[in-house]
file data04.txt (compact mmCIF, C-alpha atoms and all ligand atoms)
# COMPACT_ATOMS: atom_id res chain seq x y z
CA MET A 231 94.23 102.40 101.84
CA ILE A 232 94.09 104.80 104.79
CA LEU A 233 92.90 103.39 108.07
CA PHE A 234 92.45 105.23 111.37
CA ASP A 235 91.22 103.24 114.32
CA SER A 236 90.19 105.32 117.37
CA VAL A 237 92.98 107.84 116.87
CA THR A 238 93.31 110.43 119.62
CA LYS A 239 95.84 113.25 119.76
CA GLN A 240 96.07 116.05 122.26
CA TYR A 241 98.87 118.59 121.98
CA PRO A 242 100.70 119.42 125.20
CA GLY A 243 99.08 122.38 126.92
CA ASP A 244 95.77 122.10 125.05
CA SER A 245 92.60 121.55 127.04
CA ALA A 246 90.90 119.41 124.39
CA PRO A 247 92.16 116.82 121.91
CA ALA A 248 92.84 117.91 118.32
CA LEU A 249 91.63 114.45 117.24
CA ASP A 250 89.22 112.61 119.45
CA SER A 251 88.84 108.89 118.79
CA VAL A 252 88.79 109.27 115.00
CA SER A 253 88.09 106.13 112.98
CA LEU A 254 87.98 106.16 109.21
CA HIS A 255 88.64 103.90 106.30
CA ILE A 256 89.53 105.23 102.85
CA GLU A 257 89.67 102.62 100.11
CA PRO A 258 92.26 102.57 97.32
CA ASN A 259 91.38 104.99 94.52
CA GLU A 260 88.86 107.03 96.50
CA PHE A 261 88.74 110.84 96.22
CA VAL A 262 87.91 112.32 99.59
CA PHE A 263 87.42 115.87 100.79
CA LEU A 264 88.13 116.60 104.43
CA VAL A 265 86.24 119.67 105.62
CA GLY A 266 85.65 121.45 108.89
CA LYS A 267 85.99 124.84 110.52
CA SER A 268 89.38 126.19 111.44
CA GLY A 269 90.71 124.27 114.43
CA ALA A 270 88.56 121.21 113.69
CA GLY A 271 91.63 118.95 113.39
CA LYS A 272 92.12 118.65 109.61
CA SER A 273 95.83 119.50 109.56
CA THR A 274 96.46 117.26 112.55
CA LEU A 275 94.84 114.37 110.70
CA MET A 276 97.06 115.05 107.67
CA LYS A 277 100.13 115.25 109.93
CA MET A 278 99.23 111.84 111.34
CA ILE A 279 99.39 110.43 107.81
CA THR A 280 102.78 111.98 107.08
CA LYS A 281 103.94 111.00 110.59
CA GLU A 282 104.85 114.59 111.43
CA GLU A 283 102.80 113.93 114.57
CA SER A 284 102.00 110.68 116.33
CA PRO A 285 98.78 109.76 118.07
CA ASP A 286 98.48 109.39 121.84
CA SER A 287 96.37 106.32 121.22
CA GLY A 288 94.82 104.44 118.34
CA LYS A 289 96.18 102.81 115.23
CA ILE A 290 97.04 104.20 111.79
CA ILE A 291 97.72 102.05 108.76
CA ILE A 292 98.67 103.75 105.50
CA GLY A 293 99.05 101.72 102.31
CA GLY A 294 99.49 98.56 104.36
CA ILE A 295 102.10 100.13 106.67
CA ASP A 296 101.37 100.22 110.39
CA LEU A 297 102.81 103.60 111.40
CA ASP A 298 103.63 102.34 114.90
CA TYR A 299 106.41 100.36 113.30
CA VAL A 300 107.91 103.17 111.20
CA LYS A 301 110.98 104.14 113.18
CA LYS A 302 112.28 107.70 113.18
CA ARG A 303 115.12 106.94 110.77
CA HIS A 304 112.67 105.38 108.32
CA ILE A 305 110.24 108.32 108.27
CA PRO A 306 111.83 110.10 105.25
CA GLY A 307 111.66 106.86 103.25
CA TYR A 308 108.05 106.31 104.32
CA ARG A 309 107.10 109.88 103.32
CA ARG A 310 108.58 109.42 99.86
CA ARG A 311 105.93 106.77 99.26
CA LEU A 312 103.25 109.44 99.70
CA GLY A 313 102.49 112.38 97.47
CA VAL A 314 102.15 115.51 99.58
CA VAL A 315 100.93 118.85 98.23
CA PHE A 316 100.98 122.02 100.32
CA GLN A 317 99.07 125.26 100.15
CA ASP A 318 102.30 127.27 99.77
CA PHE A 319 103.82 124.93 97.10
CA LYS A 320 107.20 124.56 98.88
CA LEU A 321 109.24 124.69 95.65
CA LEU A 322 112.99 125.18 95.61
CA PRO A 323 113.36 128.81 94.47
CA ARG A 324 116.82 128.46 92.91
CA ARG A 325 115.92 125.45 90.81
CA THR A 326 114.02 125.40 87.57
CA VAL A 327 110.70 123.64 87.10
CA TYR A 328 112.54 120.67 85.57
CA GLU A 329 115.08 120.59 88.40
CA ASN A 330 112.41 120.80 91.10
CA VAL A 331 110.82 117.60 89.80
CA ALA A 332 114.16 115.92 89.02
CA PHE A 333 115.50 116.67 92.50
CA ALA A 334 112.61 114.85 94.17
CA LEU A 335 113.37 111.79 92.06
CA GLU A 336 117.09 112.03 92.73
CA ILE A 337 116.45 111.99 96.49
CA ALA A 338 114.26 108.95 96.01
CA GLY A 339 117.28 107.21 94.44
CA MET A 340 116.15 107.13 90.81
CA SER A 341 118.89 106.80 88.20
CA GLY A 342 119.78 109.73 85.93
CA LYS A 343 118.47 107.86 82.93
CA GLU A 344 115.11 107.17 84.58
CA ILE A 345 114.87 110.79 85.74
CA ARG A 346 115.43 112.10 82.19
CA LYS A 347 112.65 109.82 81.02
CA THR A 348 110.20 110.56 83.85
CA VAL A 349 110.41 114.34 84.29
CA PRO A 350 109.13 115.30 80.80
CA LYS A 351 106.28 112.83 81.21
CA VAL A 352 105.04 114.33 84.47
CA LEU A 353 105.54 117.88 83.22
CA GLU A 354 103.37 116.96 80.28
CA LEU A 355 100.75 115.54 82.63
CA VAL A 356 100.50 118.90 84.42
CA ASP A 357 100.75 120.78 81.11
CA LEU A 358 104.01 122.57 81.95
CA LEU A 359 106.48 121.01 79.55
CA ASP A 360 106.95 124.38 77.84
CA GLN A 361 107.81 126.05 81.18
CA ALA A 362 110.48 123.53 82.20
CA LYS A 363 113.36 126.03 82.18
CA LYS A 364 111.62 128.70 84.25
CA PHE A 365 112.19 129.36 87.92
CA PRO A 366 109.27 129.27 90.39
CA ASP A 367 109.08 133.07 90.70
CA GLN A 368 108.55 133.33 86.92
CA LEU A 369 105.35 131.31 87.20
CA SER A 370 101.79 132.09 88.29
CA GLY A 371 100.44 130.62 91.52
CA GLY A 372 98.49 127.97 89.65
CA GLN A 373 101.55 126.98 87.62
CA GLN A 374 103.64 126.73 90.79
CA GLN A 375 101.03 124.46 92.33
CA ARG A 376 101.11 122.32 89.20
CA VAL A 377 104.90 121.96 89.55
CA SER A 378 104.39 120.96 93.14
CA ILE A 379 101.81 118.36 92.08
CA ALA A 380 104.15 117.11 89.33
CA ARG A 381 106.89 116.71 91.91
CA SER A 382 104.65 114.76 94.25
CA VAL A 383 103.23 112.40 91.61
CA ALA A 384 106.53 111.78 89.81
CA ARG A 385 107.27 108.81 92.05
CA GLN A 386 103.80 107.44 91.32
CA PRO A 387 102.54 107.38 94.89
CA LYS A 388 99.48 105.29 95.66
CA ILE A 389 98.21 108.01 98.00
CA LEU A 390 98.30 111.77 97.53
CA ILE A 391 97.32 114.14 100.32
CA ALA A 392 96.84 117.85 99.81
CA ASP A 393 96.30 120.31 102.67
CA GLU A 394 94.40 123.32 101.30
CA PRO A 395 96.05 123.10 97.85
CA THR A 396 93.93 125.90 96.41
CA ALA A 397 93.88 128.30 99.37
CA ASN A 398 96.13 130.82 97.59
CA LEU A 399 94.59 130.52 94.14
CA ASP A 400 91.81 132.31 92.29
CA LYS A 401 88.59 130.67 91.20
CA LEU A 402 89.66 129.64 87.70
CA THR A 403 93.05 128.33 88.79
CA THR A 404 91.41 126.45 91.64
CA LYS A 405 89.29 124.59 89.11
CA GLU A 406 92.40 123.73 87.06
CA ILE A 407 94.12 122.27 90.11
CA ILE A 408 91.09 120.26 91.18
CA ASP A 409 90.67 118.95 87.61
CA LEU A 410 94.31 117.89 87.70
CA LEU A 411 93.85 116.08 91.03
CA LYS A 412 90.80 114.37 89.56
CA LYS A 413 92.87 113.27 86.55
CA ILE A 414 95.52 111.83 88.88
CA ASN A 415 92.75 110.07 90.81
CA ASP A 416 91.42 108.63 87.54
CA PHE A 417 94.88 107.12 86.97
CA GLY A 418 94.44 105.17 90.21
CA THR A 419 95.81 107.35 93.04
CA THR A 420 93.88 107.71 96.29
CA ILE A 421 93.40 111.41 97.03
CA LEU A 422 92.64 113.17 100.30
CA VAL A 423 92.17 116.95 100.13
CA THR A 424 91.37 119.43 102.87
CA THR A 425 89.57 122.54 101.76
CA HIS A 426 87.37 125.45 102.77
CA ASN A 427 86.14 125.83 99.23
CA GLU A 428 82.45 125.01 99.19
CA ASN A 429 82.14 125.26 95.39
CA ILE A 430 84.74 122.65 94.51
CA VAL A 431 83.35 120.21 97.05
CA ASN A 432 79.80 120.62 95.82
CA ASN A 433 80.78 120.43 92.15
CA LEU A 434 82.83 117.27 92.42
CA GLN A 435 80.27 115.24 94.40
CA LYS A 436 82.81 112.93 95.96
CA ARG A 437 83.08 111.54 99.48
CA VAL A 438 83.08 114.32 102.09
CA ILE A 439 84.23 113.79 105.68
CA THR A 440 83.47 116.54 108.19
CA LEU A 441 85.57 117.06 111.29
CA LYS A 442 84.29 119.12 114.20
CA ASP A 443 86.16 119.56 117.49
CA GLY A 444 88.40 116.64 116.55
CA LYS A 445 85.57 114.24 115.80
CA ILE A 446 84.11 112.96 112.55
CA VAL A 447 80.56 114.28 112.63
CA ASN A 448 79.63 113.51 109.06
CA ASP A 449 80.86 111.07 106.41
CA GLN A 450 78.98 111.37 103.14
CA LYS A 451 80.24 108.42 101.13
CA ASN A 452 78.71 109.44 97.79
CA ASN A 453 77.74 112.73 96.18
CA GLY A 454 78.86 114.62 99.27
CA ILE A 455 78.23 118.30 99.77
CA TYR A 456 80.12 120.86 101.84
CA GLU A 457 78.79 120.35 105.35
CA LEU A 458 80.40 121.76 108.48
CA GLU A 459 78.04 120.30 111.06
CA GLU A 460 76.67 116.90 111.85
CA THR A 461 73.72 115.78 109.79
CA PRO A 462 70.66 116.87 111.69
CA ILE A 463 68.59 114.04 113.10
CA PRO A 464 65.41 113.91 111.00
CA LYS A 465 62.56 115.50 112.89
CA ALA A 466 59.67 113.31 113.94
CA PRO A 467 56.63 113.93 111.73
CA LYS A 468 54.48 116.73 113.07
CA ARG A 469 51.44 115.68 114.98
CA VAL A 470 48.19 116.98 113.64
CA MET A 471 46.54 119.00 116.31
CA GLN A 472 42.92 118.16 116.64
CA LYS A 473 40.48 120.90 117.26
CA PRO A 474 38.29 120.42 120.32
CA GLY A 475 35.00 118.90 119.38
CA HIS A 476 36.46 117.23 116.28
CA ALA A 477 38.11 114.41 118.05
CA LEU A 478 38.32 111.34 115.96
CA LYS A 479 36.33 108.42 117.07
CA PRO A 480 38.50 105.94 118.93
CA ARG A 481 39.61 103.31 116.49
CA ARG A 482 38.37 99.85 116.96
CA ARG A 483 41.25 97.63 117.87
CA VAL A 484 41.94 95.21 115.13
CA ILE A 485 42.97 91.90 116.44
CA GLN A 486 45.05 90.01 113.96
P1 LIG B 501 92.50 122.66 111.31
O1 LIG B 501 93.54 122.16 110.38
O2 LIG B 501 91.16 122.02 111.10
O3 LIG B 501 92.40 124.15 111.37
P2 LIG B 501 94.34 121.81 113.40
O4 LIG B 501 94.59 120.37 113.25
O5 LIG B 501 95.38 122.77 112.92
O6 LIG B 501 92.89 122.18 112.79
O7 LIG B 501 94.10 122.13 114.96
C1 LIG B 501 93.26 121.33 115.78
C2 LIG B 501 93.45 121.79 117.23
O8 LIG B 501 94.75 121.48 117.66
C3 LIG B 501 93.23 123.27 117.44
O9 LIG B 501 92.62 123.47 118.69
C4 LIG B 501 94.66 123.80 117.46
O10 LIG B 501 94.76 124.93 118.27
C5 LIG B 501 95.42 122.66 118.09
N1 LIG B 501 96.81 122.57 117.60
C6 LIG B 501 97.22 122.34 116.34
N2 LIG B 501 98.55 122.29 116.26
C7 LIG B 501 99.02 122.50 117.53
C8 LIG B 501 100.31 122.56 118.11
N3 LIG B 501 101.41 122.39 117.38
N4 LIG B 501 100.40 122.79 119.45
C9 LIG B 501 99.29 122.95 120.19
N5 LIG B 501 98.02 122.90 119.72
C10 LIG B 501 97.90 122.68 118.39
call {"tool": "encode", "arguments": {"input": "data04.txt", "output": "structure tokens"}}
result
Amino acid sequence: MILFDSVTKQYPGDSAPALDSVSLHIEPNEFVFLVGKSGAGKSTLMKMITKEESPDSGKIIIGGIDLDYVKKRHIPGYRRRLGVVFQDFKLLPRRTVYENVAFALEIAGMSGKEIRKTVPKVLELVDLLDQAKKFPDQLSGGQQQRVSIARSVARQPKILIADEPTANLDKLTTKEIIDLLKKINDFGTTILVTTHNENIVNNLQKRVITLKDGKIVNDQKNNGIYELEETPIPKAPKRVMQKPGHALKPRRRVIQ
């Protein structure tokens, strides 16, 4: 569960807040797209979840943890409970695909035996078992992103956040990555993805939250479409203009 209650954040020197009293509630196992123009506050919201930034005011609770109580020295441990996927993959260049995933598990304190059991399973999930011995620069962009996803789901996080995971990928590869995230969501992981890709948002028909100038201006809970502005207020029905001379007779008042 992801809960923001009136979260406000203004960076020093900025004239307006990056997040302005944002409240949202994402239930376990939801798949949510976060959209908005550049500068709307999407990355800041993601950084609040990873505790790279802290709010000036408001409350954030992630997976039952009140982030106010996560002390600096506990931040790395807290982050390991989340799956985080980046637009530029952030793989270790001198380690193989297998080692990239294994290393993440090693840091999390998993035993060698468990690691040897887990890594092939997650590589199979992302369909890269046959590429295990390759180094990142021997892979395509889509494959590298799949390694990065494998690494972040290996510890079976309850929540996975991805900031523009398909920004550097072509159309076909983008679809592969989104299908993979959907598969992970089907296994029970809550997923929050920021994107500028209108097609993937419209095709998936999931919840879509729109940020604008640091505020949530739209939250389409079901079958959401890519929407950068607030939902327009429905216009009042047009009045029928009456031509002069054709005025309707005044209605008799009905007294009930
Ligand atoms: P988005 O991810 O939607 O493009 P950001 O969260 O990156 O939006 O930015 C929201 C606002 O906060 C913008 O006005 C941006 O200039 C400002 N901002 C983001 N990061 C910083 C920072 N480190 N220092 C100062 N201002 C920042």
call {"tool": "closest_residue", "arguments": {"input": "data04.txt", "among": "A:Asp409, A:Glu457, A:Asp443, A:Glu282", "to": "A:Ile305", "atoms": "all atoms listed in the file"}}
result
A:Glu282
call {"tool": "closest_residue", "arguments": {"input": "data04.txt", "among": "A:Gly454, A:Pro258, A:Gly339, A:Gly444", "to": "ligand LIG 501 (chain B)", "atoms": "all atoms listed in the file"}}
result
A:Gly444
call {"tool": "closest_residue", "arguments": {"input": "data04.txt", "among": "A:Asn432, A:Glu394, A:Thr280, A:Gly371", "to": "ligand LIG 501 (chain B)", "atoms": "only C-alpha atoms and all ligand atoms"}}
result
A:Glu394
call {"tool": "closest_residue", "arguments": {"input": "data04.txt", "among": "A:Leu275, A:Ile337, A:Val252, A:Leu399", "to": "ligand LIG 501 (chain B)", "atoms": "only C-alpha atoms and all ligand atoms"}}
result
A:Leu275
call {"tool": "closest_atom_pairs", "arguments": {"input": "data04.txt", "of": "chain A", "to": "ligand LIG 501 (chain B)", "cutoff": "9 Å", "atoms": "all atoms listed in the file", "output": "JSON lines"}}
result
{"residue": "A:Lys239", "atom": "CA", "partner": "B:LIG501", "partner_atom": "O8", "distance": 8.6}
{"residue": "A:Gln240", "atom": "CA", "partner": "B:LIG501", "partner_atom": "O8", "distance": 7.2}
{"residue": "A:Tyr241", "atom": "CA", "partner": "B:LIG501", "partner_atom": "C9", "distance": 4.7}
{"residue": "A:Pro242", "atom": "CA", "partner": "B:LIG501", "partner_atom": "C9", "distance": 6.3}
{"residue": "A:Gly243", "atom": "CA", "partner": "B:LIG501", "partner_atom": "C9", "distance": 6.8}
{"residue": "A:Asp244", "atom": "CA", "partner": "B:LIG501", "partner_atom": "N5", "distance": 5.8}
{"residue": "A:Ser245", "atom": "CA", "partner": "B:LIG501", "partner_atom": "O9", "distance": 8.6}
{"residue": "A:Ala246", "atom": "CA", "partner": "B:LIG501", "partner_atom": "O9", "distance": 7.2}
{"residue": "A:Pro247", "atom": "CA", "partner": "B:LIG501", "partner_atom": "O8", "distance": 6.8}
{"residue": "A:Ala248", "atom": "CA", "partner": "B:LIG501", "partner_atom": "C2", "distance": 4.1}
{"residue": "A:Leu249", "atom": "CA", "partner": "B:LIG501", "partner_atom": "C1", "distance": 7.2}
{"residue": "A:Val265", "atom": "CA", "partner": "B:LIG501", "partner_atom": "O2", "distance": 7.7}
{"residue": "A:Gly266", "atom": "CA", "partner": "B:LIG501", "partner_atom": "O2", "distance": 6.0}
{"residue": "A:Lys267", "atom": "CA", "partner": "B:LIG501", "partner_atom": "O2", "distance": 5.9}
{"residue": "A:Ser268", "atom": "CA", "partner": "B:LIG501", "partner_atom": "O3", "distance": 3.6}
{"residue": "A:Gly269", "atom": "CA", "partner": "B:LIG501", "partner_atom": "O6", "distance": 3.4}
{"residue": "A:Ala270", "atom": "CA", "partner": "B:LIG501", "partner_atom": "O2", "distance": 3.8}
{"residue": "A:Gly271", "atom": "CA", "partner": "B:LIG501", "partner_atom": "O4", "distance": 3.3}
{"residue": "A:Lys272", "atom": "CA", "partner": "B:LIG501", "partner_atom": "O2", "distance": 3.8}
{"residue": "A:Ser273", "atom": "CA", "partner": "B:LIG501", "partner_atom": "O1", "distance": 3.6}
{"residue": "A:Thr274", "atom": "CA", "partner": "B:LIG501", "partner_atom": "O4", "distance": 3.7}
{"residue": "A:Leu275", "atom": "CA", "partner": "B:LIG501", "partner_atom": "O4", "distance": 6.5}
{"residue": "A:Met276", "atom": "CA", "partner": "B:LIG501", "partner_atom": "O4", "distance": 8.1}
{"residue": "A:Lys277", "atom": "CA", "partner": "B:LIG501", "partner_atom": "O4", "distance": 8.2}
{"residue": "A:Asp393", "atom": "CA", "partner": "B:LIG501", "partner_atom": "O1", "distance": 8.4}
{"residue": "A:Thr424", "atom": "CA", "partner": "B:LIG501", "partner_atom": "O1", "distance": 8.3}
{"residue": "A:Leu441", "atom": "CA", "partner": "B:LIG501", "partner_atom": "O2", "distance": 7.5}
{"residue": "A:Lys442", "atom": "CA", "partner": "B:LIG501", "partner_atom": "O2", "distance": 8.1}
{"residue": "A:Asp443", "atom": "CA", "partner": "B:LIG501", "partner_atom": "C1", "distance": 7.5}
{"residue": "A:Gly444", "atom": "CA", "partner": "B:LIG501", "partner_atom": "C1", "distance": 6.8}
call {"tool": "residues_around", "arguments": {"input": "data04.txt", "residues": "A:Leu297", "least_positions_apart": "3", "cutoff": "12 Å", "atoms": "all atoms listed in the file", "output": "list of chain:residue names"}}
result
A:Ile232, A:Leu233, A:Phe234, A:Asp235, A:Met278, A:Ile279, A:Thr280, A:Lys281, A:Glu282, A:Glu283, A:Ser284, A:Pro285, A:Gly288, A:Lys289, A:Ile290, A:Ile291, A:Ile292, A:Gly293, A:Gly294, A:Val300, A:Lys301, A:Lys302, A:His304, A:Ile305, A:Tyr308, A:Arg309
call {"tool": "write_last_selection", "arguments": {"input": "data04.txt", "atoms": "C-alpha atoms", "output": "compact mmCIF listing (two decimals), in the frame of the given file"}}
result
# COMPACT_ATOMS: atom_id res chain seq x y z
CA ILE A 232 94.09 104.80 104.79
CA LEU A 233 92.90 103.39 108.07
CA PHE A 234 92.45 105.23 111.37
CA ASP A 235 91.22 103.24 114.32
CA MET A 278 99.23 111.84 111.34
CA ILE A 279 99.39 110.43 107.81
CA THR A 280 102.78 111.98 107.08
CA LYS A 281 103.94 111.00 110.59
CA GLU A 282 104.85 114.59 111.43
CA GLU A 283 102.80 113.93 114.57
CA SER A 284 102.00 110.68 116.33
CA PRO A 285 98.78 109.76 118.07
CA GLY A 288 94.82 104.44 118.34
CA LYS A 289 96.18 102.81 115.23
CA ILE A 290 97.04 104.20 111.79
CA ILE A 291 97.72 102.05 108.76
CA ILE A 292 98.67 103.75 105.50
CA GLY A 293 99.05 101.72 102.31
CA GLY A 294 99.49 98.56 104.36
CA VAL A 300 107.91 103.17 111.20
CA LYS A 301 110.98 104.14 113.18
CA LYS A 302 112.28 107.70 113.18
CA HIS A 304 112.67 105.38 108.32
CA ILE A 305 110.24 108.32 108.27
CA TYR A 308 108.05 106.31 104.32
CA ARG A 309 107.10 109.88 103.32
call {"tool": "atom_distance", "arguments": {"input": "data04.txt", "atom1": "atom CA of A:Lys343", "atom2": "atom CA of A:Arg325"}}
result
19.4 Å
call {"tool": "residues_near_point", "arguments": {"input": "data04.txt", "point": "(107.9, 105.0, 95.6)", "cutoff": "10 Å", "atoms": "all atoms listed in the file", "output": "MDAnalysis selection string"}}
result
chainID A and resid 307:313 335 338:340 383:388
call {"tool": "atom_distance", "arguments": {"input": "data04.txt", "atom1": "atom CA of A:Ala380", "atom2": "atom CA of A:Gln317"}}
result
14.5 Å
call {"tool": "atom_distance", "arguments": {"input": "data04.txt", "atom1": "atom CA of A:Phe316", "atom2": "atom CA of A:Ser378"}}
result
8.0 Å
call {"tool": "closest_residue", "arguments": {"input": "data04.txt", "among": "A:Thr440, A:Val327, A:Val431, A:His255", "to": "A:Ile455", "atoms": "all atoms listed in the file"}}
result
A:Val431
call {"tool": "residues_around", "arguments": {"input": "data04.txt", "residues": "A:Val447", "least_positions_apart": "2", "cutoff": "9 Å", "atoms": "only C-alpha atoms", "output": "list in words"}}
result
Ile439, Thr440, Leu441, Lys442, Lys445, Asp449, Leu458, Glu459, Glu460 and Thr461 of chain A
call {"tool": "residues_around", "arguments": {"input": "data04.txt", "residues": "A:Leu422", "least_positions_apart": "5", "cutoff": "6 Å", "atoms": "all atoms listed in the file", "output": "PyMOL selection string"}}
result
chain A and resi 262-263+391
call {"tool": "residues_around", "arguments": {"input": "data04.txt", "residues": "A:Thr403", "least_positions_apart": "4", "cutoff": "12 Å", "atoms": "only C-alpha atoms", "output": "list of chain:residue names"}}
result
A:Ser370, A:Gly371, A:Gly372, A:Gln373, A:Gln374, A:Gln375, A:Arg376, A:Pro395, A:Thr396, A:Ala397, A:Asn398, A:Leu399, A:Ile407, A:Ile408, A:Asp409, A:Leu410, A:Ile430
